[in-house]
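Undergrad: coords-v8.cif is reproduced below (mmCIF, C-alpha atoms).
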```
data_my_file
loop_
_atom_site.group_PDB
_atom_site.id
_atom_site.type_symbol
_atom_site.label_atom_id
_atom_site.label_comp_id
_atom_site.auth_asym_id
_atom_site.auth_seq_id
_atom_site.Cartn_x
_atom_site.Cartn_y
_atom_site.Cartn_z
ATOM 1 C CA MET Q 1 -16.265 -15.865 11.387
ATOM 2 C CA PRO Q 2 -13.156 -13.906 12.453
ATOM 3 C CA GLY Q 3 -13.940 -10.368 13.505
ATOM 4 C CA PHE Q 4 -10.786 -9.116 11.791
ATOM 5 C CA PRO Q 5 -9.144 -9.357 8.341
ATOM 6 C CA ILE Q 6 -7.314 -12.643 7.783
ATOM 7 C CA ILE Q 7 -4.186 -13.766 5.968
ATOM 8 C CA ASP Q 8 -4.806 -16.836 3.833
ATOM 9 C CA ALA Q 9 -1.602 -18.892 3.629
ATOM 10 C CA HIS Q 10 -2.673 -21.144 0.762
ATOM 11 C CA VAL Q 11 -4.438 -19.897 -2.379
ATOM 12 C CA HIS Q 12 -4.260 -21.188 -5.941
ATOM 13 C CA LEU Q 13 -4.611 -19.065 -9.069
ATOM 14 C CA CYS Q 14 -4.675 -20.549 -12.565
ATOM 15 C CA ASN Q 15 -3.958 -19.186 -16.026
ATOM 16 C CA VAL Q 16 -5.191 -21.902 -18.380
ATOM 17 C CA SER Q 17 -5.177 -19.412 -21.255
ATOM 18 C CA GLU Q 18 -1.371 -19.346 -21.246
ATOM 19 C CA LEU Q 19 -0.203 -22.251 -19.061
ATOM 20 C CA LYS Q 20 -0.909 -25.977 -19.049
ATOM 21 C CA TYR Q 21 -2.004 -28.010 -16.039
ATOM 22 C CA SER Q 22 -2.312 -31.625 -17.184
ATOM 23 C CA TRP Q 23 -3.640 -32.822 -13.828
ATOM 24 C CA THR Q 24 -6.878 -30.894 -14.354
ATOM 25 C CA LYS Q 25 -7.947 -33.472 -16.946
ATOM 26 C CA GLU Q 26 -8.896 -35.646 -13.968
ATOM 27 C CA VAL Q 27 -10.793 -32.804 -12.278
ATOM 28 C CA PRO Q 28 -12.044 -30.647 -15.160
ATOM 29 C CA GLN Q 29 -14.046 -28.355 -12.866
ATOM 30 C CA LEU Q 30 -10.728 -26.981 -11.619
ATOM 31 C CA GLY Q 31 -9.264 -26.458 -15.088
ATOM 32 C CA ARG Q 32 -10.267 -22.835 -15.565
ATOM 33 C CA ASN Q 33 -8.802 -19.371 -15.220
ATOM 34 C CA VAL Q 34 -8.774 -18.352 -11.551
ATOM 35 C CA SER Q 35 -8.009 -14.745 -10.606
ATOM 36 C CA PRO Q 36 -7.737 -12.664 -7.426
ATOM 37 C CA ALA Q 37 -11.174 -11.242 -8.268
ATOM 38 C CA ASP Q 38 -12.572 -14.790 -8.229
ATOM 39 C CA LEU Q 39 -11.019 -15.335 -4.803
ATOM 40 C CA LYS Q 40 -12.658 -12.186 -3.461
ATOM 41 C CA GLN Q 41 -16.032 -13.318 -4.759
ATOM 42 C CA ALA Q 42 -15.594 -16.818 -3.303
ATOM 43 C CA ALA Q 43 -14.542 -15.440 0.093
ATOM 44 C CA GLY Q 44 -17.781 -13.497 0.330
ATOM 45 C CA PRO Q 45 -18.062 -11.922 3.803
ATOM 46 C CA VAL Q 46 -14.590 -13.105 4.843
ATOM 47 C CA GLN Q 47 -12.112 -10.223 4.801
ATOM 48 C CA VAL Q 48 -8.906 -11.505 3.158
ATOM 49 C CA GLU Q 49 -6.306 -8.817 3.754
ATOM 50 C CA LYS Q 50 -3.427 -10.783 2.251
ATOM 51 C CA PHE Q 51 -2.934 -14.179 0.672
ATOM 52 C CA ILE Q 52 -0.045 -16.410 -0.354
ATOM 53 C CA PHE Q 53 -0.168 -17.895 -3.847
ATOM 54 C CA VAL Q 54 0.959 -21.534 -3.897
ATOM 55 C CA GLU Q 55 1.982 -23.199 -7.140
ATOM 56 C CA VAL Q 56 -0.626 -25.307 -8.933
ATOM 57 C CA ASP Q 57 1.535 -28.101 -10.389
ATOM 58 C CA VAL Q 58 1.931 -26.357 -13.729
ATOM 59 C CA ASP Q 59 3.425 -28.577 -16.417
ATOM 60 C CA SER Q 60 7.215 -28.574 -16.636
ATOM 61 C CA PRO Q 61 9.146 -26.571 -17.804
ATOM 62 C CA HIS Q 62 6.743 -23.661 -17.193
ATOM 63 C CA GLN Q 63 7.419 -23.131 -13.490
ATOM 64 C CA LEU Q 64 9.348 -19.902 -14.074
ATOM 65 C CA THR Q 65 6.635 -18.637 -16.402
ATOM 66 C CA GLU Q 66 3.995 -19.265 -13.739
ATOM 67 C CA ALA Q 67 6.058 -17.314 -11.222
ATOM 68 C CA ALA Q 68 6.498 -14.391 -13.639
ATOM 69 C CA TRP Q 69 2.729 -14.328 -14.227
ATOM 70 C CA ILE Q 70 2.018 -14.134 -10.494
ATOM 71 C CA GLU Q 71 4.597 -11.375 -10.063
ATOM 72 C CA SER Q 72 2.879 -9.428 -12.872
ATOM 73 C CA LEU Q 73 -0.329 -9.383 -10.814
ATOM 74 C CA LYS Q 74 1.291 -7.535 -7.921
ATOM 75 C CA PRO Q 75 0.628 -3.934 -9.069
ATOM 76 C CA SER Q 76 -3.121 -4.580 -9.375
ATOM 77 C CA THR Q 77 -3.432 -6.967 -6.431
ATOM 78 C CA PRO Q 78 -2.424 -5.332 -3.128
ATOM 79 C CA GLU Q 79 -3.689 -8.356 -1.191
ATOM 80 C CA LEU Q 80 -1.089 -10.616 -2.865
ATOM 81 C CA GLY Q 81 1.396 -11.041 -0.041
ATOM 82 C CA GLY Q 82 3.829 -13.563 -1.498
ATOM 83 C CA MET Q 83 4.242 -16.700 -3.579
ATOM 84 C CA VAL Q 84 5.472 -20.250 -3.208
ATOM 85 C CA VAL Q 85 6.579 -21.514 -6.604
ATOM 86 C CA SER Q 86 7.529 -24.860 -8.084
ATOM 87 C CA LEU Q 87 11.023 -26.091 -8.880
ATOM 88 C CA PRO Q 88 12.384 -29.609 -9.553
ATOM 89 C CA LEU Q 89 14.645 -29.823 -6.503
ATOM 90 C CA GLU Q 90 15.668 -33.331 -7.514
ATOM 91 C CA LEU Q 91 18.085 -31.660 -9.944
ATOM 92 C CA GLY Q 92 20.241 -30.764 -6.961
ATOM 93 C CA ALA Q 93 22.842 -28.018 -7.272
ATOM 94 C CA ALA Q 94 21.868 -27.460 -10.907
ATOM 95 C CA ILE Q 95 18.662 -25.793 -9.729
ATOM 96 C CA GLU Q 96 20.455 -22.854 -8.125
ATOM 97 C CA GLU Q 97 20.449 -20.889 -11.378
ATOM 98 C CA ASP Q 98 16.648 -21.022 -11.438
ATOM 99 C CA ILE Q 99 16.497 -20.004 -7.777
ATOM 100 C CA ILE Q 100 18.597 -16.943 -8.562
ATOM 101 C CA THR Q 101 16.289 -16.109 -11.471
ATOM 102 C CA LEU Q 102 13.220 -16.443 -9.257
ATOM 103 C CA LYS Q 103 14.713 -14.195 -6.580
ATOM 104 C CA ARG Q 104 14.275 -11.267 -8.948
ATOM 105 C CA HIS Q 105 10.591 -11.473 -8.068
ATOM 106 C CA SER Q 106 9.782 -9.476 -4.958
ATOM 107 C CA LEU Q 107 6.898 -11.833 -4.075
ATOM 108 C CA LEU Q 108 9.050 -14.956 -3.794
ATOM 109 C CA ARG Q 109 8.873 -16.521 -0.337
ATOM 110 C CA GLY Q 110 9.277 -20.252 -0.815
ATOM 111 C CA ILE Q 111 9.464 -23.315 -3.044
ATOM 112 C CA ARG Q 112 7.196 -26.326 -3.333
ATOM 113 C CA ARG Q 113 7.989 -29.542 -5.165
ATOM 114 C CA LEU Q 114 4.993 -31.880 -4.944
ATOM 115 C CA ILE Q 115 5.973 -35.109 -3.243
ATOM 116 C CA GLN Q 116 2.467 -36.549 -2.966
ATOM 117 C CA LYS Q 117 2.400 -37.812 -6.546
ATOM 118 C CA GLU Q 118 5.705 -39.695 -6.353
ATOM 119 C CA SER Q 119 5.455 -43.491 -6.133
ATOM 120 C CA ASP Q 120 8.955 -43.901 -4.697
ATOM 121 C CA PRO Q 121 8.507 -43.614 -0.916
ATOM 122 C CA GLU Q 122 12.055 -42.287 -0.599
ATOM 123 C CA PHE Q 123 11.838 -39.749 -3.434
ATOM 124 C CA CYS Q 124 12.477 -36.848 -1.056
ATOM 125 C CA LEU Q 125 15.490 -38.637 0.450
ATOM 126 C CA GLN Q 126 17.480 -38.900 -2.756
ATOM 127 C CA PRO Q 127 20.861 -37.168 -2.342
ATOM 128 C CA ARG Q 128 20.223 -34.649 -5.109
ATOM 129 C CA PHE Q 129 16.801 -33.752 -3.721
ATOM 130 C CA ILE Q 130 18.368 -33.090 -0.317
ATOM 131 C CA GLU Q 131 21.088 -31.086 -2.060
ATOM 132 C CA GLY Q 132 18.428 -28.949 -3.751
ATOM 133 C CA LEU Q 133 16.543 -28.520 -0.493
ATOM 134 C CA LYS Q 134 19.602 -27.261 1.349
ATOM 135 C CA LEU Q 135 20.026 -24.519 -1.239
ATOM 136 C CA LEU Q 136 16.777 -22.978 0.004
ATOM 137 C CA ALA Q 137 18.308 -22.132 3.371
ATOM 138 C CA LYS Q 138 21.173 -20.413 1.583
ATOM 139 C CA HIS Q 139 18.679 -18.229 -0.299
ATOM 140 C CA ASP Q 140 16.346 -17.619 2.659
ATOM 141 C CA LEU Q 141 13.450 -19.564 1.137
ATOM 142 C CA SER Q 142 11.092 -21.979 2.857
ATOM 143 C CA PHE Q 143 9.874 -25.322 1.536
ATOM 144 C CA ASP Q 144 6.212 -26.323 1.451
ATOM 145 C CA ILE Q 145 5.798 -30.068 2.079
ATOM 146 C CA CYS Q 146 2.832 -31.486 0.161
ATOM 147 C CA ILE Q 147 2.382 -35.203 0.822
ATOM 148 C CA TYR Q 148 -0.099 -37.919 1.653
ATOM 149 C CA HIS Q 149 -0.033 -39.297 5.190
ATOM 150 C CA HIS Q 150 1.750 -42.523 4.220
ATOM 151 C CA GLN Q 151 4.783 -40.455 3.132
ATOM 152 C CA LEU Q 152 5.330 -38.943 6.579
ATOM 153 C CA PRO Q 153 8.074 -41.431 7.605
ATOM 154 C CA SER Q 154 10.282 -40.255 4.730
ATOM 155 C CA VAL Q 155 9.465 -36.618 5.434
ATOM 156 C CA LEU Q 156 10.621 -37.036 9.027
ATOM 157 C CA LYS Q 157 13.959 -38.335 7.749
ATOM 158 C CA MET Q 158 14.132 -35.472 5.233
ATOM 159 C CA VAL Q 159 13.618 -32.823 7.905
ATOM 160 C CA VAL Q 160 16.349 -34.379 10.080
ATOM 161 C CA GLN Q 161 18.810 -33.954 7.211
ATOM 162 C CA CYS Q 162 17.943 -30.284 6.639
ATOM 163 C CA PRO Q 163 17.969 -28.510 10.021
ATOM 164 C CA GLU Q 164 18.645 -25.098 8.449
ATOM 165 C CA VAL Q 165 15.616 -25.215 6.121
ATOM 166 C CA HIS Q 166 12.288 -23.729 7.195
ATOM 167 C CA PHE Q 167 9.481 -26.149 6.338
ATOM 168 C CA VAL Q 168 5.734 -25.653 6.077
ATOM 169 C CA LEU Q 169 3.574 -28.780 6.103
ATOM 170 C CA ASP Q 170 0.631 -28.320 3.741
ATOM 171 C CA HIS Q 171 -2.819 -29.679 4.543
ATOM 172 C CA ILE Q 172 -1.710 -31.242 7.867
ATOM 173 C CA GLY Q 173 -0.050 -34.045 5.891
ATOM 174 C CA LYS Q 174 -3.277 -35.150 4.157
ATOM 175 C CA PRO Q 175 -4.502 -37.737 6.668
ATOM 176 C CA GLY Q 176 -6.754 -40.606 5.564
ATOM 177 C CA ILE Q 177 -9.966 -38.982 6.773
ATOM 178 C CA LYS Q 178 -12.209 -40.637 4.193
ATOM 179 C CA ALA Q 179 -11.016 -44.070 5.340
ATOM 180 C CA GLY Q 180 -11.301 -43.128 9.005
ATOM 181 C CA LEU Q 181 -7.555 -43.465 9.618
ATOM 182 C CA PHE Q 182 -6.007 -41.494 12.456
ATOM 183 C CA GLU Q 183 -2.900 -43.515 13.277
ATOM 184 C CA PRO Q 184 -0.051 -43.635 12.546
ATOM 185 C CA TRP Q 185 -0.663 -40.143 11.139
ATOM 186 C CA GLY Q 186 -1.418 -38.751 14.598
ATOM 187 C CA ALA Q 187 1.810 -39.996 16.163
ATOM 188 C CA GLN Q 188 3.891 -38.952 13.155
ATOM 189 C CA ILE Q 189 2.445 -35.424 13.181
ATOM 190 C CA LYS Q 190 3.355 -35.190 16.847
ATOM 191 C CA GLU Q 191 6.898 -36.290 16.032
ATOM 192 C CA LEU Q 192 7.183 -33.810 13.158
ATOM 193 C CA SER Q 193 5.957 -30.966 15.353
ATOM 194 C CA ARG Q 194 8.959 -31.457 17.649
ATOM 195 C CA PHE Q 195 11.145 -29.853 14.965
ATOM 196 C CA ALA Q 196 11.088 -26.110 15.619
ATOM 197 C CA ASN Q 197 11.776 -25.361 11.941
ATOM 198 C CA VAL Q 198 8.447 -26.881 10.810
ATOM 199 C CA ALA Q 199 5.128 -25.000 10.678
ATOM 200 C CA CYS Q 200 1.766 -26.428 9.643
ATOM 201 C CA LYS Q 201 -1.105 -25.215 7.473
ATOM 202 C CA ILE Q 202 -4.632 -25.911 8.653
ATOM 203 C CA SER Q 203 -5.785 -26.327 5.080
ATOM 204 C CA GLY Q 204 -6.839 -28.881 2.472
ATOM 205 C CA ILE Q 205 -8.604 -31.033 5.061
ATOM 206 C CA ILE Q 206 -12.195 -31.377 3.888
ATOM 207 C CA THR Q 207 -10.976 -32.534 0.482
ATOM 208 C CA GLU Q 208 -9.359 -35.541 2.204
ATOM 209 C CA ALA Q 209 -12.806 -36.595 3.444
ATOM 210 C CA ASP Q 210 -15.714 -37.670 1.264
ATOM 211 C CA HIS Q 211 -16.446 -34.571 -0.807
ATOM 212 C CA LYS Q 212 -20.197 -34.988 -0.582
ATOM 213 C CA SER Q 213 -20.835 -36.438 2.865
ATOM 214 C CA TRP Q 214 -18.115 -35.174 5.241
ATOM 215 C CA THR Q 215 -19.160 -33.613 8.530
ATOM 216 C CA ARG Q 216 -17.437 -31.150 10.813
ATOM 217 C CA GLU Q 217 -17.496 -33.738 13.600
ATOM 218 C CA GLN Q 218 -15.529 -36.069 11.327
ATOM 219 C CA VAL Q 219 -12.754 -33.580 10.545
ATOM 220 C CA LYS Q 220 -12.542 -31.935 13.980
ATOM 221 C CA PRO Q 221 -10.138 -34.482 15.576
ATOM 222 C CA TYR Q 222 -7.618 -34.022 12.762
ATOM 223 C CA ILE Q 223 -7.722 -30.218 12.889
ATOM 224 C CA ALA Q 224 -7.577 -30.151 16.679
ATOM 225 C CA HIS Q 225 -4.675 -32.592 16.808
ATOM 226 C CA ALA Q 226 -2.593 -30.609 14.312
ATOM 227 C CA ILE Q 227 -3.143 -27.393 16.268
ATOM 228 C CA ASP Q 228 -2.446 -29.110 19.577
ATOM 229 C CA CYS Q 229 0.845 -30.447 18.194
ATOM 230 C CA PHE Q 230 2.159 -27.310 16.492
ATOM 231 C CA GLY Q 231 0.493 -24.735 18.716
ATOM 232 C CA PHE Q 232 -0.904 -21.433 17.512
ATOM 233 C CA ASP Q 233 2.618 -20.074 17.053
ATOM 234 C CA ARG Q 234 3.306 -22.550 14.217
ATOM 235 C CA ALA Q 235 -0.174 -23.267 12.841
ATOM 236 C CA MET Q 236 -1.690 -21.069 10.136
ATOM 237 C CA PHE Q 237 -4.984 -20.948 8.282
ATOM 238 C CA GLY Q 238 -5.124 -21.796 4.589
ATOM 239 C CA SER Q 239 -8.184 -22.091 2.384
ATOM 240 C CA ASP Q 240 -6.621 -24.269 -0.342
ATOM 241 C CA TRP Q 241 -8.990 -22.389 -2.627
ATOM 242 C CA HIS Q 242 -9.895 -23.122 -5.460
ATOM 243 C CA VAL Q 243 -9.176 -26.855 -4.952
ATOM 244 C CA GLN Q 244 -11.203 -26.573 -1.748
ATOM 245 C CA GLU Q 245 -14.318 -25.978 -3.884
ATOM 246 C CA LEU Q 246 -14.454 -29.744 -4.488
ATOM 247 C CA ALA Q 247 -15.774 -30.212 -0.956
ATOM 248 C CA GLY Q 248 -17.163 -26.899 0.251
ATOM 249 C CA THR Q 249 -17.255 -23.125 0.148
ATOM 250 C CA TYR Q 250 -14.730 -20.623 1.432
ATOM 251 C CA PRO Q 251 -17.000 -19.245 4.200
ATOM 252 C CA GLY Q 252 -18.046 -22.810 5.026
ATOM 253 C CA TRP Q 253 -14.435 -23.831 5.674
ATOM 254 C CA ILE Q 254 -13.923 -20.766 7.865
ATOM 255 C CA ASP Q 255 -17.000 -21.782 9.857
ATOM 256 C CA VAL Q 256 -15.551 -25.262 10.460
ATOM 257 C CA VAL Q 257 -12.225 -23.899 11.707
ATOM 258 C CA ASP Q 258 -14.018 -21.338 13.886
ATOM 259 C CA TRP Q 259 -16.085 -24.115 15.429
ATOM 260 C CA VAL Q 260 -13.030 -26.255 16.191
ATOM 261 C CA ILE Q 261 -11.126 -23.389 17.868
ATOM 262 C CA ALA Q 262 -14.150 -21.881 19.642
ATOM 263 C CA GLY Q 263 -12.386 -22.106 23.015
ATOM 264 C CA ALA Q 264 -9.236 -20.300 21.871
ATOM 265 C CA SER Q 265 -8.386 -16.800 23.029
ATOM 266 C CA ASP Q 266 -8.569 -13.817 20.681
ATOM 267 C CA GLY Q 267 -4.783 -13.743 20.586
ATOM 268 C CA GLU Q 268 -4.595 -17.395 19.611
ATOM 269 C CA LYS Q 269 -7.173 -16.901 16.875
ATOM 270 C CA ARG Q 270 -5.208 -13.963 15.508
ATOM 271 C CA LYS Q 271 -2.090 -16.121 15.379
ATOM 272 C CA LEU Q 272 -3.910 -18.840 13.434
ATOM 273 C CA TYR Q 273 -5.669 -16.492 11.038
ATOM 274 C CA ARG Q 274 -2.938 -13.860 10.641
ATOM 275 C CA GLU Q 275 0.235 -13.678 12.630
ATOM 276 C CA THR Q 276 1.836 -17.090 11.974
ATOM 277 C CA ALA Q 277 1.526 -16.756 8.202
ATOM 278 C CA LYS Q 278 2.671 -13.141 8.381
ATOM 279 C CA ARG Q 279 5.846 -14.184 10.180
ATOM 280 C CA VAL Q 280 6.598 -17.383 8.265
ATOM 281 C CA TYR Q 281 6.072 -15.850 4.830
ATOM 282 C CA ARG Q 282 7.460 -12.421 5.780
ATOM 283 C CA ILE Q 283 4.351 -10.510 4.762
ATOM 284 C CA SER Q 284 4.631 -6.757 5.189
#
```
Would you give me this structure, written as C-alpha cells?
TA:
Amino acid sequence: MPGFPIIDAHVHLCNVSELKYSWTKEVPQLGRNVSPADLKQAAGPVQVEKFIFVEVDVDSPHQLTEAAWIESLKPSTPELGGMVVSLPLELGAAIEEDIITLKRHSLLRGIRRLIQKESDPEFCLQPRFIEGLKLLAKHDLSFDICIYHHQLPSVLKMVVQCPEVHFVLDHIGKPGIKAGLFEPWGAQIKELSRFANVACKISGIITEADHKSWTREQVKPYIAHAIDCFGFDRAMFGSDWHVQELAGTYPGWIDVVDWVIAGASDGEKRKLYRETAKRVYRIS
C-alpha cells in the first residue's frame, strides 16, 4: 500500500434519488446512491487525498444536471479534485453552448462520451463527432476515451485527427482479459502510446476478467504492458470505484497494482499514484 496519500483519477458517484441510470437495470447492485462518504469507507486504510469524478452514463438529457450535482458537493468535499462529465459530442458544433454552460463549474476538467456501447465501429470517426471533439481543445478540456479493445483501431484514427486534444484512455482500453486475449490489443496500445497527447488510466482492469475467479497473475501482463508503453509520466492510478466492486475491493485493487510495480522507484510510484493525475487534471 502506498506510504503516502494518493490521487484517484477515476471515481463514480451516483444520485439515483434524483437522476436516472438505465444501465443499472443490468447490474442492480450498482444502482444505488453513492457518496464521497461511501468512497472513504470503501477505501479503508488507503489515504485518498483527492479524486476525480467521472460521469456514470446518466440518462440523456440529464448530463448537465449530473454535473451541477457534483459541483454542489464541492463545499463539503475537499477531496473532490475535479470532474469529467458527459456530453453528446456527436452533435458537433451545436454542443458548444453546453460546454460554455459547464465551464461555469470550477470542477470541470474534461468530457467523456462513452464509445464502448456503440455498435458502429466508426462512431467516433463521424465528422460531427470529430467536430465536437476539437471544441474541447478550444476550451482547454480533455477527453476520456472509454472503449472496448476491439474499438482501438478507430480510436487511433480519431486521435490522429485531433492532435490538439488531450486524451485520457480509460481502463487501458478494456482488453479481453476474460478470454485470454492479448493481441492485437498489446500492439495497438503501443501504437496509441506514441501520441504524446494521450495518457492512460490503470483502472477498470479486474472487471474485464472473470469477476469471481481472476488472479493477479492473470492481470499483471496487461497492467505492466500499459505502464511500459505510456511510462510513469503518462500513466495514472484509477480505482473505477464503485463499478470496481463487481470484482474486488478498493484496498485489494491497490494491492494488485502495488505488486505489479514492486520494482519501481518511489518517484515512479508517486507519479502513478499522484503526480500524473494531478498534472493531467490540473488538481490544485
Undergrad: Compare Q:His225, Q:Arg270, Q:Arg109, Q:His139 by their minimum atom-to-atom distance to Gln188 (chain Q), counting only C-alpha atoms, and give me the closest one.
TA: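 Result for the nearest residue to Gln188 (chain Q): Q:His225.
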Undergrad: Using the chain letters and numbers from the file, give me the residues hit by the PyMOL selection byres ((chain Q and resi 274) around 10), as a list in words.
TA: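 With the shown file as input, the PyMOL selection byres ((chain Q and resi 274) around 10) matches Phe4, Pro5, Ile6, Ile7, Asp8, Ala9, Val48, Glu49, Lys50, Phe51, Met236, Phe237, Glu268, Lys269, Arg270, Lys271, Leu272, Tyr273, Glu275, Thr276, Ala277, Lys278, Arg279 and Ile283 of chain Q.
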Undergrad: Please identify all polymer residues within 9 Å of region 173-184 of chain Q, counting only C-alpha atoms, omitting same-chain residues fewer than 3 positions from it, and present them as a list in words.
TA: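 The contact residues come out as Ile145, Cys146, Ile147, Tyr148, His149, His150, Gln151, Leu152, Leu169, Asp170, Ala187, Gln188, Ile189, Cys200, Gly204, Ile205, Ile206, Thr207, Glu208, Ala209, Asp210, His211, Trp214, Gln218, Val219, Pro221 and Tyr222 of chain Q.
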Undergrad: With all atoms listed in the file as the counted atoms, please give the residues lying no more than 12 Å from Ala224 (chain Q), apart from itself and same-chain residues fewer than 6 positions off, as a VMD selection string.
TA: chain Q and resid 172 186 189 202 205 216 to 218 230 to 232 235 256 to 264
Undergrad: Which residue, Q:Glu90, Q:Asp120, Q:Asp228, Q:Glu18, has the smallest gap to Arg194 (chain Q) when you use only C-alpha atoms?
TA: Q:Asp228
Undergrad: Expanded to explicit residues, what is the PyMOL selection byres ((chain Q and resi 123) around 12) for this file, as number ranges by chain?
TA: Q: 88-90, 113-122, 124-130, 147, 151-155, 157-158
Undergrad: Neighbours of region 238-243 of chain Q within 8 Å (all atoms listed in the file; same-chain residues fewer than 5 positions away dropped), as a VMD selection string?
TA: chain Q and resid 8 to 13 30 34 39 201 to 204 250 253
Undergrad: Nearest residue to Asp144 (chain Q) out of Q:Gly82, Q:Pro61, Q:Gly110, Q:Gly44, using all atoms listed in the file?
TA: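 Under the stated criterion, the closest residue is Q:Gly110.
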Undergrad: Rank Q:Pro75, Q:Pro251, Q:Gly81, Q:Gly92 by their smallest atom-to-atom distance to Lys134 (chain Q), using only C-alpha atoms, and report the top residue only.
TA: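 Among Q:Pro75, Q:Pro251, Q:Gly81, Q:Gly92, it is Q:Gly92 that comes nearest to Lys134 (chain Q).
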Undergrad: Select, from Q:Leu107, Q:Ala42, Q:Val16, Q:Val159, the residue with the minimum atom-to-atom distance to Ala68 (chain Q), counting all atoms listed in the file.
TA: Q:Leu107
Undergrad: Place a sphere of radius 9 Å on (-12.5, -19.5, -16.7) in the file coordinates and name every protein, DNA or RNA residue with an atom inside or on its surface, counting only C-alpha atoms; give the answer as a PyMOL selection string.
TA: chain Q and resi 14-17+31-35
Undergrad: Could you tell me how far CA of Val46 (chain Q) sits from CA of Leu80 (chain Q), in Å to one decimal place?
TA: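 So the answer is 15.7 Å.
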Undergrad: Translate the PyMOL selection byres ((chain Q and resi 67) around 9) into a concrete residue list for this structure, as an NGL selection string.
TA: :Q and (55 or 62-66 or 68-72 or 83-86 or 102 or 105 or 108)
Undergrad: Could you work out an axis-aligned bounding box for all listed atoms of region 130-133 of chain Q, with 6 Å added on each of the six sides, and give its centre and edge lengths in Å to one decimal, as AutoDock Vina command-line options?
TA:
```
--center_x 18.8 --center_y -30.8 --center_z -2.0 --size_x 16.5 --size_y 16.6 --size_z 15.4
```
Undergrad: My list of candidates is Q:Leu246, Q:Ile111, Q:Ile254, Q:Leu87. Which is closest to Val54 (chain Q) when distances are computed with only C-alpha atoms?
TA: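 Looking at the shortest contact to Val54 (chain Q), the residue is Q:Ile111.
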Undergrad: Work out how far apart CA of Leu19 (chain Q) and CA of Leu141 (chain Q) are and give it in Å to one decimal.
TA: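 Computing it gives 24.5 Å between the two atoms.
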Undergrad: Please, what distance in Å, to one decimal, runs between CA of His166 (chain Q) and CA of Trp185 (chain Q)?
TA: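 Computing the Euclidean distance for CA of His166 (chain Q) and CA of Trp185 (chain Q) yields 21.3 Å.
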Undergrad: Got a sec: who's within 8 Å of Ser193 (chain Q), counting only C-alpha atoms, leaving out chain neighbours fewer than 5 positions off, as JSON, numbers by chain?
TA: {"Q": [198, 199, 229, 230]}
